[in-house]
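Student: Here you go, final_11.cif (mmCIF, N, CA and C atoms):
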```cif
data_model
#
loop_
_atom_site.label_atom_id
_atom_site.label_comp_id
_atom_site.auth_asym_id
_atom_site.auth_seq_id
_atom_site.Cartn_x
_atom_site.Cartn_y
_atom_site.Cartn_z
N SER T 195 55.79 -169.61 -67.12
CA SER T 195 55.63 -171.01 -66.81
C SER T 195 54.34 -171.26 -66.03
N ILE T 196 53.87 -170.26 -65.29
CA ILE T 196 52.63 -170.42 -64.54
C ILE T 196 51.44 -170.53 -65.48
N LEU T 197 51.46 -169.77 -66.56
CA LEU T 197 50.35 -169.81 -67.50
C LEU T 197 50.35 -171.06 -68.36
N PHE T 198 51.52 -171.45 -68.86
CA PHE T 198 51.59 -172.50 -69.87
C PHE T 198 52.06 -173.84 -69.34
N GLY T 199 52.57 -173.90 -68.12
CA GLY T 199 52.99 -175.16 -67.53
C GLY T 199 54.30 -175.67 -68.05
N GLN T 200 55.13 -174.81 -68.56
CA GLN T 200 56.45 -175.21 -69.02
C GLN T 200 57.42 -174.06 -68.83
N ARG T 201 58.67 -174.41 -68.68
CA ARG T 201 59.70 -173.39 -68.52
C ARG T 201 60.32 -173.15 -69.89
N PHE T 202 60.54 -171.89 -70.21
CA PHE T 202 61.13 -171.53 -71.49
C PHE T 202 62.62 -171.28 -71.32
N GLU T 203 63.39 -171.72 -72.28
CA GLU T 203 64.82 -171.39 -72.32
C GLU T 203 64.96 -170.02 -72.95
N TYR T 204 66.06 -169.34 -72.66
CA TYR T 204 66.26 -167.99 -73.18
C TYR T 204 66.35 -167.96 -74.70
N GLY T 205 66.81 -169.01 -75.33
CA GLY T 205 66.94 -169.05 -76.78
C GLY T 205 65.74 -169.65 -77.49
N ASP T 206 64.69 -169.99 -76.75
CA ASP T 206 63.50 -170.60 -77.34
C ASP T 206 62.84 -169.62 -78.31
N LYS T 207 62.56 -170.11 -79.52
CA LYS T 207 61.99 -169.26 -80.57
C LYS T 207 60.62 -168.72 -80.18
N ASP T 208 59.78 -169.56 -79.60
CA ASP T 208 58.44 -169.11 -79.19
C ASP T 208 58.53 -168.06 -78.09
N PHE T 209 59.43 -168.28 -77.14
CA PHE T 209 59.62 -167.32 -76.05
C PHE T 209 60.10 -165.98 -76.58
N LEU T 210 61.06 -166.01 -77.50
CA LEU T 210 61.59 -164.77 -78.07
C LEU T 210 60.54 -164.02 -78.88
N ASN T 211 59.73 -164.76 -79.65
CA ASN T 211 58.64 -164.12 -80.41
C ASN T 211 57.61 -163.48 -79.48
N MET T 212 57.26 -164.20 -78.40
CA MET T 212 56.29 -163.67 -77.46
C MET T 212 56.86 -162.43 -76.75
N LYS T 213 58.11 -162.49 -76.36
CA LYS T 213 58.76 -161.36 -75.69
C LYS T 213 58.82 -160.14 -76.61
N GLU T 214 59.20 -160.36 -77.85
CA GLU T 214 59.29 -159.26 -78.82
C GLU T 214 57.92 -158.63 -79.08
N SER T 215 56.90 -159.47 -79.23
CA SER T 215 55.55 -158.95 -79.47
C SER T 215 55.04 -158.14 -78.28
N LEU T 216 55.27 -158.65 -77.07
CA LEU T 216 54.83 -157.92 -75.88
C LEU T 216 55.55 -156.59 -75.72
N GLN T 217 56.86 -156.59 -75.96
CA GLN T 217 57.61 -155.35 -75.86
C GLN T 217 57.12 -154.32 -76.87
N SER T 218 56.85 -154.78 -78.08
CA SER T 218 56.37 -153.87 -79.11
C SER T 218 54.97 -153.35 -78.79
N LEU T 219 54.10 -154.22 -78.27
CA LEU T 219 52.76 -153.79 -77.89
C LEU T 219 52.81 -152.72 -76.81
N ILE T 220 53.67 -152.90 -75.84
CA ILE T 220 53.76 -151.94 -74.75
C ILE T 220 54.36 -150.62 -75.22
N SER T 221 55.41 -150.70 -76.02
CA SER T 221 56.07 -149.46 -76.45
C SER T 221 55.23 -148.66 -77.45
N ASP T 222 54.42 -149.33 -78.26
CA ASP T 222 53.61 -148.64 -79.26
C ASP T 222 52.22 -148.25 -78.76
N GLN T 223 51.88 -148.63 -77.56
CA GLN T 223 50.53 -148.40 -77.05
C GLN T 223 50.18 -146.92 -76.99
N GLN T 224 51.12 -146.10 -76.63
CA GLN T 224 50.83 -144.68 -76.46
C GLN T 224 50.46 -144.01 -77.79
N THR T 225 51.18 -144.33 -78.85
CA THR T 225 50.88 -143.69 -80.13
C THR T 225 49.63 -144.26 -80.78
N VAL T 226 49.33 -145.52 -80.50
CA VAL T 226 48.16 -146.16 -81.12
C VAL T 226 46.87 -145.70 -80.46
N SER T 227 46.94 -145.22 -79.24
CA SER T 227 45.71 -144.78 -78.57
C SER T 227 45.01 -143.68 -79.36
N LEU T 228 45.76 -142.92 -80.12
CA LEU T 228 45.16 -141.89 -80.98
C LEU T 228 44.25 -142.53 -82.04
N VAL T 229 44.64 -143.68 -82.55
CA VAL T 229 43.84 -144.39 -83.56
C VAL T 229 42.54 -144.90 -82.95
N HIS T 230 42.54 -145.22 -81.66
CA HIS T 230 41.31 -145.67 -81.01
C HIS T 230 40.28 -144.54 -80.94
N PHE T 231 40.75 -143.33 -80.75
CA PHE T 231 39.83 -142.20 -80.67
C PHE T 231 39.39 -141.70 -82.04
N MET T 232 40.26 -141.88 -83.03
CA MET T 232 39.94 -141.46 -84.40
C MET T 232 40.23 -142.64 -85.34
N PRO T 233 39.29 -143.58 -85.44
CA PRO T 233 39.53 -144.81 -86.20
C PRO T 233 39.86 -144.59 -87.67
N TRP T 234 39.45 -143.49 -88.24
CA TRP T 234 39.71 -143.24 -89.66
C TRP T 234 41.20 -143.07 -89.92
N LEU T 235 42.01 -142.83 -88.90
CA LEU T 235 43.45 -142.67 -89.08
C LEU T 235 44.13 -143.95 -89.56
N GLN T 236 43.52 -145.09 -89.24
CA GLN T 236 44.14 -146.36 -89.65
C GLN T 236 44.09 -146.57 -91.16
N TYR T 237 43.26 -145.82 -91.86
CA TYR T 237 43.14 -145.97 -93.30
C TYR T 237 44.07 -145.06 -94.08
N LEU T 238 44.84 -144.24 -93.39
CA LEU T 238 45.84 -143.41 -94.06
C LEU T 238 46.95 -144.29 -94.60
N PRO T 239 47.53 -143.94 -95.74
CA PRO T 239 48.64 -144.75 -96.26
C PRO T 239 49.83 -144.68 -95.31
N GLY T 240 50.55 -145.76 -95.24
CA GLY T 240 51.68 -145.82 -94.32
C GLY T 240 51.24 -146.26 -92.94
N ASP T 241 52.16 -146.21 -92.02
CA ASP T 241 51.88 -146.62 -90.64
C ASP T 241 52.44 -145.57 -89.69
N PHE T 242 51.90 -144.36 -89.79
CA PHE T 242 52.42 -143.24 -89.01
C PHE T 242 52.25 -143.44 -87.51
N PHE T 243 51.18 -144.07 -87.11
CA PHE T 243 50.87 -144.22 -85.70
C PHE T 243 51.15 -145.64 -85.19
N ASN T 244 51.82 -146.45 -85.97
CA ASN T 244 52.17 -147.83 -85.63
C ASN T 244 50.94 -148.70 -85.38
N ALA T 245 49.80 -148.33 -85.90
CA ALA T 245 48.58 -149.11 -85.68
C ALA T 245 48.66 -150.46 -86.37
N LYS T 246 49.16 -150.47 -87.60
CA LYS T 246 49.25 -151.74 -88.34
C LYS T 246 50.26 -152.67 -87.68
N LYS T 247 51.34 -152.10 -87.17
CA LYS T 247 52.34 -152.89 -86.46
C LYS T 247 51.74 -153.47 -85.18
N LEU T 248 50.95 -152.67 -84.47
CA LEU T 248 50.32 -153.13 -83.24
C LEU T 248 49.35 -154.27 -83.51
N PHE T 249 48.52 -154.12 -84.53
CA PHE T 249 47.56 -155.18 -84.86
C PHE T 249 48.28 -156.45 -85.30
N SER T 250 49.37 -156.30 -86.04
CA SER T 250 50.15 -157.46 -86.46
C SER T 250 50.76 -158.17 -85.26
N ASN T 251 51.33 -157.40 -84.33
CA ASN T 251 51.93 -158.00 -83.14
C ASN T 251 50.89 -158.63 -82.23
N SER T 252 49.73 -158.02 -82.11
CA SER T 252 48.69 -158.62 -81.27
C SER T 252 48.17 -159.91 -81.89
N ASN T 253 48.05 -159.96 -83.22
CA ASN T 253 47.64 -161.21 -83.88
C ASN T 253 48.70 -162.29 -83.71
N LYS T 254 49.98 -161.90 -83.80
CA LYS T 254 51.06 -162.86 -83.60
C LYS T 254 51.03 -163.42 -82.18
N LEU T 255 50.81 -162.55 -81.21
CA LEU T 255 50.76 -162.97 -79.81
C LEU T 255 49.57 -163.89 -79.56
N LEU T 256 48.41 -163.55 -80.12
CA LEU T 256 47.23 -164.39 -79.96
C LEU T 256 47.42 -165.76 -80.61
N SER T 257 48.10 -165.81 -81.74
CA SER T 257 48.34 -167.11 -82.38
C SER T 257 49.30 -167.96 -81.55
N LEU T 258 50.29 -167.33 -80.92
CA LEU T 258 51.20 -168.08 -80.04
C LEU T 258 50.46 -168.62 -78.82
N ILE T 259 49.60 -167.80 -78.23
CA ILE T 259 48.82 -168.25 -77.08
C ILE T 259 47.88 -169.37 -77.48
N SER T 260 47.25 -169.26 -78.63
CA SER T 260 46.37 -170.33 -79.12
C SER T 260 47.13 -171.62 -79.34
N MET T 261 48.36 -171.51 -79.82
CA MET T 261 49.19 -172.70 -80.02
C MET T 261 49.46 -173.39 -78.69
N PHE T 262 49.78 -172.62 -77.64
CA PHE T 262 50.04 -173.21 -76.33
C PHE T 262 48.78 -173.83 -75.75
N ILE T 263 47.64 -173.19 -75.94
CA ILE T 263 46.38 -173.73 -75.43
C ILE T 263 46.05 -175.03 -76.15
N ASP T 264 46.25 -175.08 -77.46
CA ASP T 264 45.98 -176.31 -78.21
C ASP T 264 46.90 -177.44 -77.78
N ARG T 265 48.14 -177.12 -77.45
CA ARG T 265 49.06 -178.15 -76.96
C ARG T 265 48.60 -178.71 -75.62
N LYS T 266 48.08 -177.83 -74.76
CA LYS T 266 47.70 -178.25 -73.42
C LYS T 266 46.29 -178.82 -73.35
N LYS T 267 45.51 -178.59 -74.41
CA LYS T 267 44.12 -179.02 -74.38
C LYS T 267 44.05 -180.55 -74.34
N ARG T 268 43.37 -181.02 -73.37
CA ARG T 268 43.17 -182.46 -73.23
C ARG T 268 42.04 -182.67 -72.23
N ASP T 269 41.68 -183.88 -72.01
CA ASP T 269 40.63 -184.14 -71.04
C ASP T 269 41.24 -183.97 -69.65
N VAL T 270 40.84 -182.95 -68.96
CA VAL T 270 41.43 -182.64 -67.66
C VAL T 270 40.53 -183.10 -66.51
N SER T 271 39.54 -183.91 -66.79
CA SER T 271 38.61 -184.31 -65.75
C SER T 271 39.25 -185.22 -64.71
N ASP T 272 40.31 -185.93 -65.07
CA ASP T 272 40.93 -186.85 -64.12
C ASP T 272 42.28 -186.36 -63.59
N ILE T 273 42.63 -185.15 -63.88
CA ILE T 273 43.92 -184.63 -63.42
C ILE T 273 43.77 -184.10 -62.00
N MET T 274 44.65 -184.55 -61.12
CA MET T 274 44.64 -184.07 -59.74
C MET T 274 45.74 -183.03 -59.52
N ASP T 275 46.79 -183.10 -60.30
CA ASP T 275 47.92 -182.19 -60.15
C ASP T 275 47.78 -181.06 -61.16
N ILE T 276 47.35 -179.91 -60.68
CA ILE T 276 47.18 -178.75 -61.55
C ILE T 276 48.46 -177.94 -61.48
N ASP T 277 49.15 -177.82 -62.61
CA ASP T 277 50.43 -177.12 -62.58
C ASP T 277 50.46 -175.85 -63.42
N ASN T 278 49.32 -175.47 -64.01
CA ASN T 278 49.31 -174.23 -64.78
C ASN T 278 47.89 -173.69 -64.87
N PHE T 279 47.79 -172.47 -65.35
CA PHE T 279 46.51 -171.78 -65.42
C PHE T 279 45.55 -172.44 -66.41
N ILE T 280 46.08 -172.93 -67.52
CA ILE T 280 45.23 -173.54 -68.55
C ILE T 280 44.52 -174.77 -68.00
N ASP T 281 45.25 -175.64 -67.27
CA ASP T 281 44.62 -176.82 -66.67
C ASP T 281 43.54 -176.41 -65.66
N ALA T 282 43.85 -175.43 -64.82
CA ALA T 282 42.87 -174.99 -63.82
C ALA T 282 41.62 -174.43 -64.49
N TYR T 283 41.80 -173.67 -65.54
CA TYR T 283 40.67 -173.09 -66.26
C TYR T 283 39.82 -174.18 -66.89
N MET T 284 40.46 -175.15 -67.54
CA MET T 284 39.71 -176.22 -68.21
C MET T 284 38.99 -177.11 -67.19
N ILE T 285 39.60 -177.37 -66.03
CA ILE T 285 38.94 -178.16 -65.00
C ILE T 285 37.69 -177.43 -64.50
N GLU T 286 37.83 -176.14 -64.23
CA GLU T 286 36.67 -175.36 -63.77
C GLU T 286 35.59 -175.30 -64.84
N LYS T 287 35.97 -175.18 -66.10
CA LYS T 287 35.01 -175.17 -67.20
C LYS T 287 34.25 -176.50 -67.25
N ASN T 288 34.97 -177.61 -67.10
CA ASN T 288 34.32 -178.92 -67.10
C ASN T 288 33.36 -179.08 -65.93
N LYS T 289 33.74 -178.56 -64.74
CA LYS T 289 32.84 -178.62 -63.58
C LYS T 289 31.55 -177.85 -63.86
N GLN T 290 31.68 -176.67 -64.44
CA GLN T 290 30.51 -175.85 -64.74
C GLN T 290 29.62 -176.53 -65.79
N ASP T 291 30.26 -177.16 -66.78
CA ASP T 291 29.50 -177.85 -67.82
C ASP T 291 28.74 -179.06 -67.25
N LYS T 292 29.41 -179.82 -66.38
CA LYS T 292 28.76 -181.00 -65.78
C LYS T 292 27.61 -180.61 -64.88
N ALA T 293 27.72 -179.48 -64.21
CA ALA T 293 26.66 -179.02 -63.32
C ALA T 293 25.55 -178.29 -64.08
N CYS T 294 25.70 -178.15 -65.39
CA CYS T 294 24.73 -177.46 -66.25
C CYS T 294 24.46 -176.04 -65.77
N LEU T 295 25.51 -175.38 -65.33
CA LEU T 295 25.39 -174.00 -64.89
C LEU T 295 25.72 -173.05 -66.03
N SER T 296 25.06 -171.93 -66.03
CA SER T 296 25.37 -170.91 -67.02
C SER T 296 26.71 -170.28 -66.66
N THR T 297 27.61 -170.23 -67.63
CA THR T 297 28.95 -169.74 -67.33
C THR T 297 29.53 -169.02 -68.54
N TYR T 298 30.48 -168.17 -68.27
CA TYR T 298 31.20 -167.49 -69.34
C TYR T 298 32.53 -168.17 -69.63
N LEU T 299 32.78 -169.29 -69.00
CA LEU T 299 34.02 -170.02 -69.24
C LEU T 299 33.93 -170.74 -70.57
N ASP T 300 34.74 -170.33 -71.51
CA ASP T 300 34.86 -171.04 -72.78
C ASP T 300 36.28 -170.84 -73.30
N GLU T 301 36.60 -171.54 -74.36
CA GLU T 301 37.97 -171.49 -74.87
C GLU T 301 38.31 -170.13 -75.47
N ASP T 302 37.33 -169.43 -76.01
CA ASP T 302 37.61 -168.09 -76.55
C ASP T 302 37.98 -167.12 -75.44
N SER T 303 37.35 -167.26 -74.27
CA SER T 303 37.70 -166.39 -73.14
C SER T 303 39.09 -166.70 -72.62
N LEU T 304 39.51 -167.93 -72.75
CA LEU T 304 40.85 -168.32 -72.31
C LEU T 304 41.92 -167.67 -73.15
N LYS T 305 41.62 -167.47 -74.42
CA LYS T 305 42.61 -166.86 -75.32
C LYS T 305 42.62 -165.38 -75.10
#
```
Show me, as structure tokens, the structure contained in the file I just sent.

Tutor:
Amino acid sequence: SILFGQRFEYGDKDFLNMKESLQSLISDQQTVSLVHFMPWLQYLPGDFFNAKKLFSNSNKLLSLISMFIDRKKRDVSDIMDIDNFIDAYMIEKNKQDKACLSTYLDEDSLK
């Protein structure tokens, strides 16, 4: 709720998908690290090292996060009550843009 500004119910489909993807990413991380050191292993038939599963779950998680960011995206220049990380990030990005300062704050970094 701190990141997205909303509370999730236990039966919420988005919450369950996010939870499942995170659990899978954490549990498969150890076996996939071998693919990082030897990238050619990902081209073997099958999914012996769970690399394809990891990439699928990370893409699913990124699409869920993008969906939440798109829902929250709005003009935050007049908001005084900051209740989540996305609002705080967008307000700081707008401040940097208005001051014409060089910054790494952009929407891709938020995702």

Student: Which residues would end up in the selection if the PyMOL selection byres (((chain T and resi 211-222 and name CA) around 10) and name CA) were applied here, given that I need the answer as a PDB file with N, CA and C atoms, in the frame of the given file?

Tutor:
```pdb
ATOM      1  N   ASP T 206      64.690-169.990 -76.750  1.00  0.00           N
ATOM      2  CA  ASP T 206      63.500-170.600 -77.340  1.00  0.00           C
ATOM      3  C   ASP T 206      62.840-169.620 -78.310  1.00  0.00           C
ATOM      4  N   LYS T 207      62.560-170.110 -79.520  1.00  0.00           N
ATOM      5  CA  LYS T 207      61.990-169.260 -80.570  1.00  0.00           C
ATOM      6  C   LYS T 207      60.620-168.720 -80.180  1.00  0.00           C
ATOM      7  N   ASP T 208      59.780-169.560 -79.600  1.00  0.00           N
ATOM      8  CA  ASP T 208      58.440-169.110 -79.190  1.00  0.00           C
ATOM      9  C   ASP T 208      58.530-168.060 -78.090  1.00  0.00           C
ATOM     10  N   PHE T 209      59.430-168.280 -77.140  1.00  0.00           N
ATOM     11  CA  PHE T 209      59.620-167.320 -76.050  1.00  0.00           C
ATOM     12  C   PHE T 209      60.100-165.980 -76.580  1.00  0.00           C
ATOM     13  N   LEU T 210      61.060-166.010 -77.500  1.00  0.00           N
ATOM     14  CA  LEU T 210      61.590-164.770 -78.070  1.00  0.00           C
ATOM     15  C   LEU T 210      60.540-164.020 -78.880  1.00  0.00           C
ATOM     16  N   GLN T 223      51.880-148.630 -77.560  1.00  0.00           N
ATOM     17  CA  GLN T 223      50.530-148.400 -77.050  1.00  0.00           C
ATOM     18  C   GLN T 223      50.180-146.920 -76.990  1.00  0.00           C
ATOM     19  N   GLN T 224      51.120-146.100 -76.630  1.00  0.00           N
ATOM     20  CA  GLN T 224      50.830-144.680 -76.460  1.00  0.00           C
ATOM     21  C   GLN T 224      50.460-144.010 -77.790  1.00  0.00           C
ATOM     22  N   THR T 225      51.180-144.330 -78.850  1.00  0.00           N
ATOM     23  CA  THR T 225      50.880-143.690 -80.130  1.00  0.00           C
ATOM     24  C   THR T 225      49.630-144.260 -80.780  1.00  0.00           C
ATOM     25  N   VAL T 226      49.330-145.520 -80.500  1.00  0.00           N
ATOM     26  CA  VAL T 226      48.160-146.160 -81.120  1.00  0.00           C
ATOM     27  C   VAL T 226      46.870-145.700 -80.460  1.00  0.00           C
ATOM     28  N   SER T 227      46.940-145.220 -79.240  1.00  0.00           N
ATOM     29  CA  SER T 227      45.710-144.780 -78.570  1.00  0.00           C
ATOM     30  C   SER T 227      45.010-143.680 -79.360  1.00  0.00           C
ATOM     31  N   PHE T 243      51.180-144.070 -87.110  1.00  0.00           N
ATOM     32  CA  PHE T 243      50.870-144.220 -85.700  1.00  0.00           C
ATOM     33  C   PHE T 243      51.150-145.640 -85.190  1.00  0.00           C
ATOM     34  N   ASN T 244      51.820-146.450 -85.970  1.00  0.00           N
ATOM     35  CA  ASN T 244      52.170-147.830 -85.630  1.00  0.00           C
ATOM     36  C   ASN T 244      50.940-148.700 -85.380  1.00  0.00           C
ATOM     37  N   ALA T 245      49.800-148.330 -85.900  1.00  0.00           N
ATOM     38  CA  ALA T 245      48.580-149.110 -85.680  1.00  0.00           C
ATOM     39  C   ALA T 245      48.660-150.460 -86.370  1.00  0.00           C
ATOM     40  N   LYS T 247      51.340-152.100 -87.170  1.00  0.00           N
ATOM     41  CA  LYS T 247      52.340-152.890 -86.460  1.00  0.00           C
ATOM     42  C   LYS T 247      51.740-153.470 -85.180  1.00  0.00           C
ATOM     43  N   LEU T 248      50.950-152.670 -84.470  1.00  0.00           N
ATOM     44  CA  LEU T 248      50.320-153.130 -83.240  1.00  0.00           C
ATOM     45  C   LEU T 248      49.350-154.270 -83.510  1.00  0.00           C
ATOM     46  N   PHE T 249      48.520-154.120 -84.530  1.00  0.00           N
ATOM     47  CA  PHE T 249      47.560-155.180 -84.860  1.00  0.00           C
ATOM     48  C   PHE T 249      48.280-156.450 -85.300  1.00  0.00           C
ATOM     49  N   SER T 250      49.370-156.300 -86.040  1.00  0.00           N
ATOM     50  CA  SER T 250      50.150-157.460 -86.460  1.00  0.00           C
ATOM     51  C   SER T 250      50.760-158.170 -85.260  1.00  0.00           C
ATOM     52  N   ASN T 251      51.330-157.400 -84.330  1.00  0.00           N
ATOM     53  CA  ASN T 251      51.930-158.000 -83.140  1.00  0.00           C
ATOM     54  C   ASN T 251      50.890-158.630 -82.230  1.00  0.00           C
ATOM     55  N   SER T 252      49.730-158.020 -82.110  1.00  0.00           N
ATOM     56  CA  SER T 252      48.690-158.620 -81.270  1.00  0.00           C
ATOM     57  C   SER T 252      48.170-159.910 -81.890  1.00  0.00           C
ATOM     58  N   ASN T 253      48.050-159.960 -83.220  1.00  0.00           N
ATOM     59  CA  ASN T 253      47.640-161.210 -83.880  1.00  0.00           C
ATOM     60  C   ASN T 253      48.700-162.290 -83.710  1.00  0.00           C
ATOM     61  N   LYS T 254      49.980-161.900 -83.800  1.00  0.00           N
ATOM     62  CA  LYS T 254      51.060-162.860 -83.600  1.00  0.00           C
ATOM     63  C   LYS T 254      51.030-163.420 -82.180  1.00  0.00           C
ATOM     64  N   LEU T 255      50.810-162.550 -81.210  1.00  0.00           N
ATOM     65  CA  LEU T 255      50.760-162.970 -79.810  1.00  0.00           C
ATOM     66  C   LEU T 255      49.570-163.890 -79.560  1.00  0.00           C
ATOM     67  N   LEU T 256      48.410-163.550 -80.120  1.00  0.00           N
ATOM     68  CA  LEU T 256      47.230-164.390 -79.960  1.00  0.00           C
ATOM     69  C   LEU T 256      47.420-165.760 -80.610  1.00  0.00           C
ATOM     70  N   SER T 257      48.100-165.810 -81.740  1.00  0.00           N
ATOM     71  CA  SER T 257      48.340-167.110 -82.380  1.00  0.00           C
ATOM     72  C   SER T 257      49.300-167.960 -81.550  1.00  0.00           C
ATOM     73  N   LEU T 258      50.290-167.330 -80.920  1.00  0.00           N
ATOM     74  CA  LEU T 258      51.200-168.080 -80.040  1.00  0.00           C
ATOM     75  C   LEU T 258      50.460-168.620 -78.820  1.00  0.00           C
ATOM     76  N   ILE T 259      49.600-167.800 -78.230  1.00  0.00           N
ATOM     77  CA  ILE T 259      48.820-168.250 -77.080  1.00  0.00           C
ATOM     78  C   ILE T 259      47.880-169.370 -77.480  1.00  0.00           C
TER      79      ILE T 259
END
```

Student: How far is it from CA of Val229 (chain T) to CA of Phe242 (chain T), in Å with one decimal?

Tutor: 10.2 Å

Student: Just list the residues in chain T DSSP gives alpha helix (DSSP H) on the backbone, as number ranges by chain.

Tutor: T: 207-231, 245-266, 279-292, 301-304

Student: (54.5, -173.5, -75.4) in this file's frame - what residues fall within 6.5 Å of it? Use only N, CA and C atoms and give the answer as a ChimeraX atom specification.

Tutor: /T:198,261-262
